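Visitor: Here you go, this is upload-v9.cif (mmCIF, C-alpha atoms, pLDDT in the B column; chains and numbers go by the auth columns).
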```cif
data_work
#
loop_
_atom_site.group_PDB
_atom_site.id
_atom_site.type_symbol
_atom_site.label_atom_id
_atom_site.label_comp_id
_atom_site.label_asym_id
_atom_site.label_seq_id
_atom_site.Cartn_x
_atom_site.Cartn_y
_atom_site.Cartn_z
_atom_site.B_iso_or_equiv
_atom_site.auth_seq_id
_atom_site.auth_asym_id
ATOM 1 C CA MET A 1 76.158 -53.129 233.564 45.00 358 A
ATOM 2 C CA SER A 2 76.075 -56.324 231.611 48.00 359 A
ATOM 3 C CA ARG A 3 72.794 -57.559 230.204 51.00 360 A
ATOM 4 C CA ASP A 4 73.886 -61.055 231.231 54.00 361 A
ATOM 5 C CA ARG A 5 73.660 -60.116 234.898 53.00 362 A
ATOM 6 C CA LEU A 6 70.137 -58.785 234.453 50.00 363 A
ATOM 7 C CA GLN A 7 69.113 -62.029 232.809 55.00 364 A
ATOM 8 C CA GLN A 8 70.131 -64.167 235.808 67.00 365 A
ATOM 9 C CA THR A 9 66.885 -63.692 237.711 79.00 366 A
ATOM 10 C CA TYR A 10 65.389 -67.173 237.771 85.00 367 A
ATOM 11 C CA GLY A 11 61.766 -68.181 238.120 89.00 368 A
ATOM 12 C CA LEU A 12 60.206 -65.152 236.433 92.00 369 A
ATOM 13 C CA THR A 13 56.724 -65.462 235.000 94.00 370 A
ATOM 14 C CA ASP A 14 56.117 -64.919 231.302 95.00 371 A
ATOM 15 C CA ASP A 15 54.571 -61.533 232.141 95.00 372 A
ATOM 16 C CA GLN A 16 57.621 -60.491 234.139 95.00 373 A
ATOM 17 C CA ARG A 17 59.993 -61.522 231.363 94.00 374 A
ATOM 18 C CA GLU A 18 57.885 -59.629 228.831 96.00 375 A
ATOM 19 C CA ILE A 19 57.810 -56.474 230.962 97.00 376 A
ATOM 20 C CA VAL A 20 61.579 -56.533 231.512 95.00 377 A
ATOM 21 C CA ALA A 21 62.233 -57.191 227.815 96.00 378 A
ATOM 22 C CA THR A 22 59.922 -54.317 226.842 98.00 379 A
ATOM 23 C CA VAL A 23 61.652 -51.935 229.236 98.00 380 A
ATOM 24 C CA ARG A 24 65.067 -53.127 228.015 97.00 381 A
ATOM 25 C CA SER A 25 64.070 -52.357 224.424 98.00 382 A
ATOM 26 C CA PHE A 26 62.676 -48.961 225.457 98.00 383 A
ATOM 27 C CA VAL A 27 65.932 -48.111 227.232 98.00 384 A
ATOM 28 C CA ASP A 28 68.008 -49.155 224.225 98.00 385 A
ATOM 29 C CA LYS A 29 65.905 -47.191 221.725 98.00 386 A
ATOM 30 C CA GLU A 30 64.627 -44.175 223.657 98.00 387 A
ATOM 31 C CA ILE A 31 66.989 -43.493 226.576 98.00 388 A
ATOM 32 C CA LEU A 32 70.557 -44.521 225.736 98.00 389 A
ATOM 33 C CA PRO A 33 70.764 -42.455 222.513 98.00 390 A
ATOM 34 C CA VAL A 34 69.791 -39.201 224.300 98.00 391 A
ATOM 35 C CA ALA A 35 70.750 -39.596 227.970 97.00 392 A
ATOM 36 C CA THR A 36 74.151 -37.907 227.810 97.00 393 A
ATOM 37 C CA GLU A 37 72.850 -34.992 225.767 97.00 394 A
ATOM 38 C CA LEU A 38 69.874 -34.419 228.080 97.00 395 A
ATOM 39 C CA GLU A 39 72.046 -34.793 231.183 95.00 396 A
ATOM 40 C CA HIS A 40 74.545 -32.214 229.946 96.00 397 A
ATOM 41 C CA ALA A 41 71.734 -29.841 228.959 97.00 398 A
ATOM 42 C CA ASP A 42 70.093 -30.383 232.375 94.00 399 A
ATOM 43 C CA ALA A 43 66.868 -30.936 230.429 95.00 400 A
ATOM 44 C CA TYR A 44 63.788 -32.729 231.700 95.00 401 A
ATOM 45 C CA PRO A 45 63.244 -35.870 229.600 97.00 402 A
ATOM 46 C CA GLN A 46 59.593 -35.263 228.745 96.00 403 A
ATOM 47 C CA ARG A 47 59.573 -37.569 225.712 97.00 404 A
ATOM 48 C CA ILE A 48 61.049 -40.382 227.801 98.00 405 A
ATOM 49 C CA VAL A 49 58.560 -39.781 230.620 97.00 406 A
ATOM 50 C CA ASP A 50 55.690 -39.832 228.122 97.00 407 A
ATOM 51 C CA GLY A 51 57.010 -43.133 226.777 97.00 408 A
ATOM 52 C CA MET A 52 57.199 -44.605 230.272 97.00 409 A
ATOM 53 C CA ALA A 53 53.588 -43.573 230.843 96.00 410 A
ATOM 54 C CA GLU A 54 52.567 -45.253 227.577 96.00 411 A
ATOM 55 C CA LEU A 55 54.267 -48.450 228.757 97.00 412 A
ATOM 56 C CA GLY A 56 52.330 -48.313 232.021 96.00 413 A
ATOM 57 C CA LEU A 57 55.437 -47.983 234.184 97.00 414 A
ATOM 58 C CA PHE A 58 53.855 -45.399 236.479 97.00 415 A
ATOM 59 C CA GLY A 59 51.183 -47.948 237.327 97.00 416 A
ATOM 60 C CA LEU A 60 53.483 -50.946 237.530 96.00 417 A
ATOM 61 C CA MET A 61 52.711 -51.705 241.185 95.00 418 A
ATOM 62 C CA ILE A 62 49.335 -50.006 241.475 97.00 419 A
ATOM 63 C CA ASP A 63 46.521 -52.539 241.847 97.00 420 A
ATOM 64 C CA GLU A 64 44.608 -53.485 238.723 97.00 421 A
ATOM 65 C CA GLU A 65 41.366 -52.225 240.279 97.00 422 A
ATOM 66 C CA TYR A 66 42.838 -48.721 239.995 98.00 423 A
ATOM 67 C CA GLY A 67 44.127 -49.168 236.439 97.00 424 A
ATOM 68 C CA GLY A 68 47.634 -50.335 237.292 97.00 425 A
ATOM 69 C CA LEU A 69 49.444 -53.512 236.367 96.00 426 A
ATOM 70 C CA GLY A 70 49.440 -54.894 239.922 96.00 427 A
ATOM 71 C CA GLU A 71 52.970 -56.235 239.543 96.00 428 A
ATOM 72 C CA SER A 72 55.346 -57.396 242.262 95.00 429 A
ATOM 73 C CA LEU A 73 58.213 -55.616 243.945 94.00 430 A
ATOM 74 C CA LEU A 74 60.577 -57.935 242.055 95.00 431 A
ATOM 75 C CA THR A 75 59.158 -56.777 238.709 96.00 432 A
ATOM 76 C CA TYR A 76 59.481 -53.190 239.886 96.00 433 A
ATOM 77 C CA ALA A 77 63.118 -53.726 240.945 95.00 434 A
ATOM 78 C CA LEU A 78 64.012 -55.330 237.615 95.00 435 A
ATOM 79 C CA THR A 79 62.320 -52.469 235.774 96.00 436 A
ATOM 80 C CA VAL A 80 64.232 -49.858 237.781 96.00 437 A
ATOM 81 C CA GLU A 81 67.446 -51.778 237.146 95.00 438 A
ATOM 82 C CA GLU A 82 66.834 -51.576 233.410 96.00 439 A
ATOM 83 C CA LEU A 83 65.933 -47.874 233.534 97.00 440 A
ATOM 84 C CA SER A 84 69.048 -47.166 235.619 96.00 441 A
ATOM 85 C CA ARG A 85 71.159 -48.944 233.024 95.00 442 A
ATOM 86 C CA GLY A 86 69.979 -46.295 230.588 96.00 443 A
ATOM 87 C CA TRP A 87 70.031 -43.218 232.801 96.00 444 A
ATOM 88 C CA MET A 88 69.877 -43.123 236.583 94.00 445 A
ATOM 89 C CA SER A 89 67.927 -39.855 236.632 93.00 446 A
ATOM 90 C CA VAL A 90 65.017 -41.447 234.761 95.00 447 A
ATOM 91 C CA SER A 91 64.758 -44.207 237.342 93.00 448 A
ATOM 92 C CA GLY A 92 64.437 -41.498 240.003 91.00 449 A
ATOM 93 C CA ILE A 93 61.296 -40.188 238.321 94.00 450 A
ATOM 94 C CA VAL A 94 59.673 -43.606 238.645 94.00 451 A
ATOM 95 C CA ASN A 95 61.039 -44.168 242.159 93.00 452 A
ATOM 96 C CA THR A 96 59.612 -41.017 243.701 92.00 453 A
ATOM 97 C CA HIS A 97 56.286 -41.725 242.018 95.00 454 A
ATOM 98 C CA PHE A 98 56.312 -45.289 243.365 95.00 455 A
ATOM 99 C CA ILE A 99 56.917 -44.118 246.944 93.00 456 A
ATOM 100 C CA LEU A 100 53.879 -41.853 246.919 94.00 457 A
ATOM 101 C CA ALA A 101 51.657 -44.383 245.120 96.00 458 A
ATOM 102 C CA TRP A 102 52.674 -47.079 247.602 95.00 459 A
ATOM 103 C CA MET A 103 51.910 -44.806 250.566 95.00 460 A
ATOM 104 C CA ILE A 104 48.467 -44.014 249.174 97.00 461 A
ATOM 105 C CA SER A 105 47.847 -47.707 248.434 96.00 462 A
ATOM 106 C CA GLN A 106 48.862 -48.768 251.928 96.00 463 A
ATOM 107 C CA HIS A 107 47.624 -45.883 254.066 97.00 464 A
ATOM 108 C CA GLY A 108 45.199 -43.808 252.012 97.00 465 A
ATOM 109 C CA THR A 109 41.459 -43.714 252.513 98.00 466 A
ATOM 110 C CA ASP A 110 39.210 -45.384 249.963 98.00 467 A
ATOM 111 C CA GLU A 111 38.378 -41.913 248.639 98.00 468 A
ATOM 112 C CA GLN A 112 42.057 -40.992 248.256 97.00 469 A
ATOM 113 C CA LYS A 113 42.801 -44.264 246.484 98.00 470 A
ATOM 114 C CA ALA A 114 39.876 -43.813 244.092 98.00 471 A
ATOM 115 C CA HIS A 115 40.844 -40.212 243.395 98.00 472 A
ATOM 116 C CA TYR A 116 44.619 -40.500 242.953 97.00 473 A
ATOM 117 C CA LEU A 117 45.609 -44.034 241.999 98.00 474 A
ATOM 118 C CA PRO A 118 43.877 -44.284 238.594 98.00 475 A
ATOM 119 C CA ARG A 119 45.434 -40.986 237.515 97.00 476 A
ATOM 120 C CA MET A 120 48.796 -42.022 238.919 97.00 477 A
ATOM 121 C CA ALA A 121 48.638 -45.402 237.162 97.00 478 A
ATOM 122 C CA ALA A 122 48.027 -43.620 233.848 96.00 479 A
ATOM 123 C CA GLY A 123 50.914 -41.230 234.487 94.00 480 A
ATOM 124 C CA GLU A 124 48.541 -38.253 234.372 95.00 481 A
ATOM 125 C CA VAL A 125 49.541 -37.340 237.918 94.00 482 A
ATOM 126 C CA ARG A 126 52.979 -38.203 239.212 91.00 483 A
ATOM 127 C CA GLY A 127 54.161 -38.415 242.770 89.00 484 A
ATOM 128 C CA ALA A 128 57.157 -36.497 244.045 84.00 485 A
ATOM 129 C CA PHE A 129 58.583 -35.252 247.304 78.00 486 A
ATOM 130 C CA SER A 130 60.906 -32.571 248.568 74.00 487 A
ATOM 131 C CA MET A 131 63.916 -33.341 250.656 76.00 488 A
ATOM 132 C CA SER A 132 65.691 -30.007 250.739 78.00 489 A
ATOM 133 C CA GLU A 133 65.810 -27.138 253.218 81.00 490 A
ATOM 134 C CA PRO A 134 67.943 -23.980 253.254 82.00 491 A
ATOM 135 C CA HIS A 135 70.104 -25.066 256.199 81.00 492 A
ATOM 136 C CA CYS A 136 70.777 -28.649 255.047 82.00 493 A
ATOM 137 C CA GLY A 137 70.504 -28.938 251.273 78.00 494 A
ATOM 138 C CA SER A 138 69.550 -32.531 250.505 77.00 495 A
ATOM 139 C CA ASP A 139 70.815 -34.046 253.779 81.00 496 A
ATOM 140 C CA VAL A 140 67.604 -35.845 254.756 77.00 497 A
ATOM 141 C CA ALA A 141 68.933 -36.613 258.230 83.00 498 A
ATOM 142 C CA ALA A 142 69.180 -32.873 258.977 85.00 499 A
ATOM 143 C CA ILE A 143 65.691 -31.864 257.811 81.00 500 A
ATOM 144 C CA ARG A 144 63.739 -30.016 260.528 82.00 501 A
ATOM 145 C CA THR A 145 60.323 -29.675 258.881 78.00 502 A
ATOM 146 C CA ARG A 146 57.577 -31.724 260.522 74.00 503 A
ATOM 147 C CA ALA A 147 54.123 -32.514 259.185 70.00 504 A
#
```
Reformat the file's structure so that it appears as structure tokens.

Guide:
Amino acid sequence: MSRDRLQQTYGLTDDQREIVATVRSFVDKEILPVATELEHADAYPQRIVDGMAELGLFGLMIDEEYGGLGESLLTYALTVEELSRGWMSVSGIVNTHFILAWMISQHGTDEQKAHYLPRMAAGEVRGAFSMSEPHCGSDVAAIRTRA
């Protein structure tokens, strides 16, 4: 994907431009040089994940009152676009985390928000989900489990 295309998002704030530029630099320095090797080794990218936590990416859309950056969905989408440019699997780590953090932010009790969101924003606790069952693999439309 061309960097030029990523730079065609008009009307960004200075903060948004700085976040995207920081993520772009991180991808260039920390992800692109090792992505193929880690993918072929089927290795979890712990160093990359730690770096994303240091950048605050796990708290990108978590409200500031819980230690996040309180950024917009647009900033999140541009960040994921940059991460995907480097290695799609890394963007999945942030995406699954975002889904759970968003659900807690929107539907959690005050106690749940206070307990989970600060730790999620710091990357100490990361959200994930399972979408696999023995009879259907990862076909989410065929999942039978109900909660």

Visitor: Can you pull out the residues contacting A:Arg501? Cut-off 12 Å, using all atoms listed in the file, and skip same-chain residues under 6 positions away; I want them as number ranges by chain.

Guide: A: 488-495

Visitor: Report the closest atom pair, with its distance in Å rounded to one decimal, for each residue of stretch 432-498 of chain A that has an atom no farther than 8 Å from stretch 403-419 of chain A; count all atoms listed in the file, sort by chain and then rising residue number, and write it as a tab-separated table.

Guide:
```
residue	atom	partner	partner_atom	distance
A:Tyr433	CA	A:Leu417	CA	6.8
A:Val447	CA	A:Val406	CA	7.8
A:Val451	CA	A:Phe415	CA	6.5
A:His454	CA	A:Phe415	CA	7.1
A:Phe455	CA	A:Phe415	CA	7.3
A:Ala458	CA	A:Ile419	CA	7.1
A:Trp459	CA	A:Ile419	CA	7.6
A:Ser462	CA	A:Ile419	CA	7.5
A:Leu474	CA	A:Ile419	CA	7.1
A:Met477	CA	A:Phe415	CA	6.6
A:Ala478	CA	A:Gly416	CA	3.6
A:Ala479	CA	A:Ala410	CA	6.3
A:Gly480	CA	A:Ala410	CA	5.1
A:Arg483	CA	A:Phe415	CA	7.7
```

Visitor: Need to verify the contact set: A:Gln469, 12 Å, all atoms listed in the file, exclusion of same-chain residues closer than 6 positions in sequence. Can you return it as a list of chain:residue names?

Guide: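 My reading of the contact set: A:Tyr423, A:Leu457, A:Ala458, A:Met460, A:Ile461, A:Ser462, A:Gln463, A:Pro475, A:Arg476, A:Met477.
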
Visitor: Quick one, how far is atom CA of A:Val384 from atom CA of A:Leu440?

Guide: 6.3 Å

Visitor: Name all residues at most 10 Å from A:Thr379 (count all atoms listed in the file; drop same-chain ones fewer than 5 positions away) and give them as a list in words.

Guide: Gln373, Arg374, Val384, Asp385, Leu412, Thr436 and Glu439 of chain A

Visitor: Could those residues be written to a file, using C-alpha atoms, as a JSON list (two decimals), keeping the file's coordinate frame?

Guide:
```
[["chain", "number", "residue", "atom", "x", "y", "z"],
["A", 373, "GLN", "CA", 57.62, -60.49, 234.14],
["A", 374, "ARG", "CA", 59.99, -61.52, 231.36],
["A", 384, "VAL", "CA", 65.93, -48.11, 227.23],
["A", 385, "ASP", "CA", 68.01, -49.16, 224.22],
["A", 412, "LEU", "CA", 54.27, -48.45, 228.76],
["A", 436, "THR", "CA", 62.32, -52.47, 235.77],
["A", 439, "GLU", "CA", 66.83, -51.58, 233.41]]
```

Visitor: With only C-alpha atoms as the basis for distance, which of A:Ser441, A:Thr432, A:Thr502, A:Ser448 is at the shortest distance from A:Leu369?

Guide: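 Nearest candidate to A:Leu369 out of A:Ser441, A:Thr432, A:Thr502, A:Ser448: A:Thr432.
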
Visitor: Might you spell out which residues the PyMOL selection byres ((chain A and resi 485) around 6) would select in the displayed file, as a PyMOL selection string?

Guide: chain A and resi 453-454+484+486

Visitor: For A:Ser446, which residue out of A:Asp467, A:Ala499, A:Ile388, A:Gly427 is the nearest one, using all atoms listed in the file?

Guide: A:Ile388

Visitor: One number please: atom CA of A:Ser382 to atom CA of A:Leu435, in Å, one decimal.

Guide: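 Interatomic distance here is 13.5 Å.
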
Visitor: What's the separation between atom CA of A:His472 and atom CA of A:Glu421, in Å to one decimal place?

Guide: 14.6 Å

Visitor: Looking at all atoms listed in the file, which of A:Asp372, A:Glu394, A:Glu438, A:Ala471 is the one that sits closest to A:Leu426?

Guide: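 Of all the options, A:Asp372 lies closest to A:Leu426.
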
Visitor: Please determine, counting all atoms listed in the file, which residue among A:Tyr401, A:Asp371, A:Asp420, A:Glu428 has the shortest atom-to-atom distance to A:Ile450.

Guide: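 Smallest distance to A:Ile450 is found for A:Tyr401.
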
Visitor: Write out as lines of an AutoDock Vina configuration file an axis-aligned box for stretch 467-472 of chain A: all of its atoms listed in the file, 3 Å added on each side, centre and edge lengths in Å with one decimal.

Guide:
```
center_x = 40.6
center_y = -42.8
center_z = 246.7
size_x = 10.4
size_y = 11.2
size_z = 12.6
```
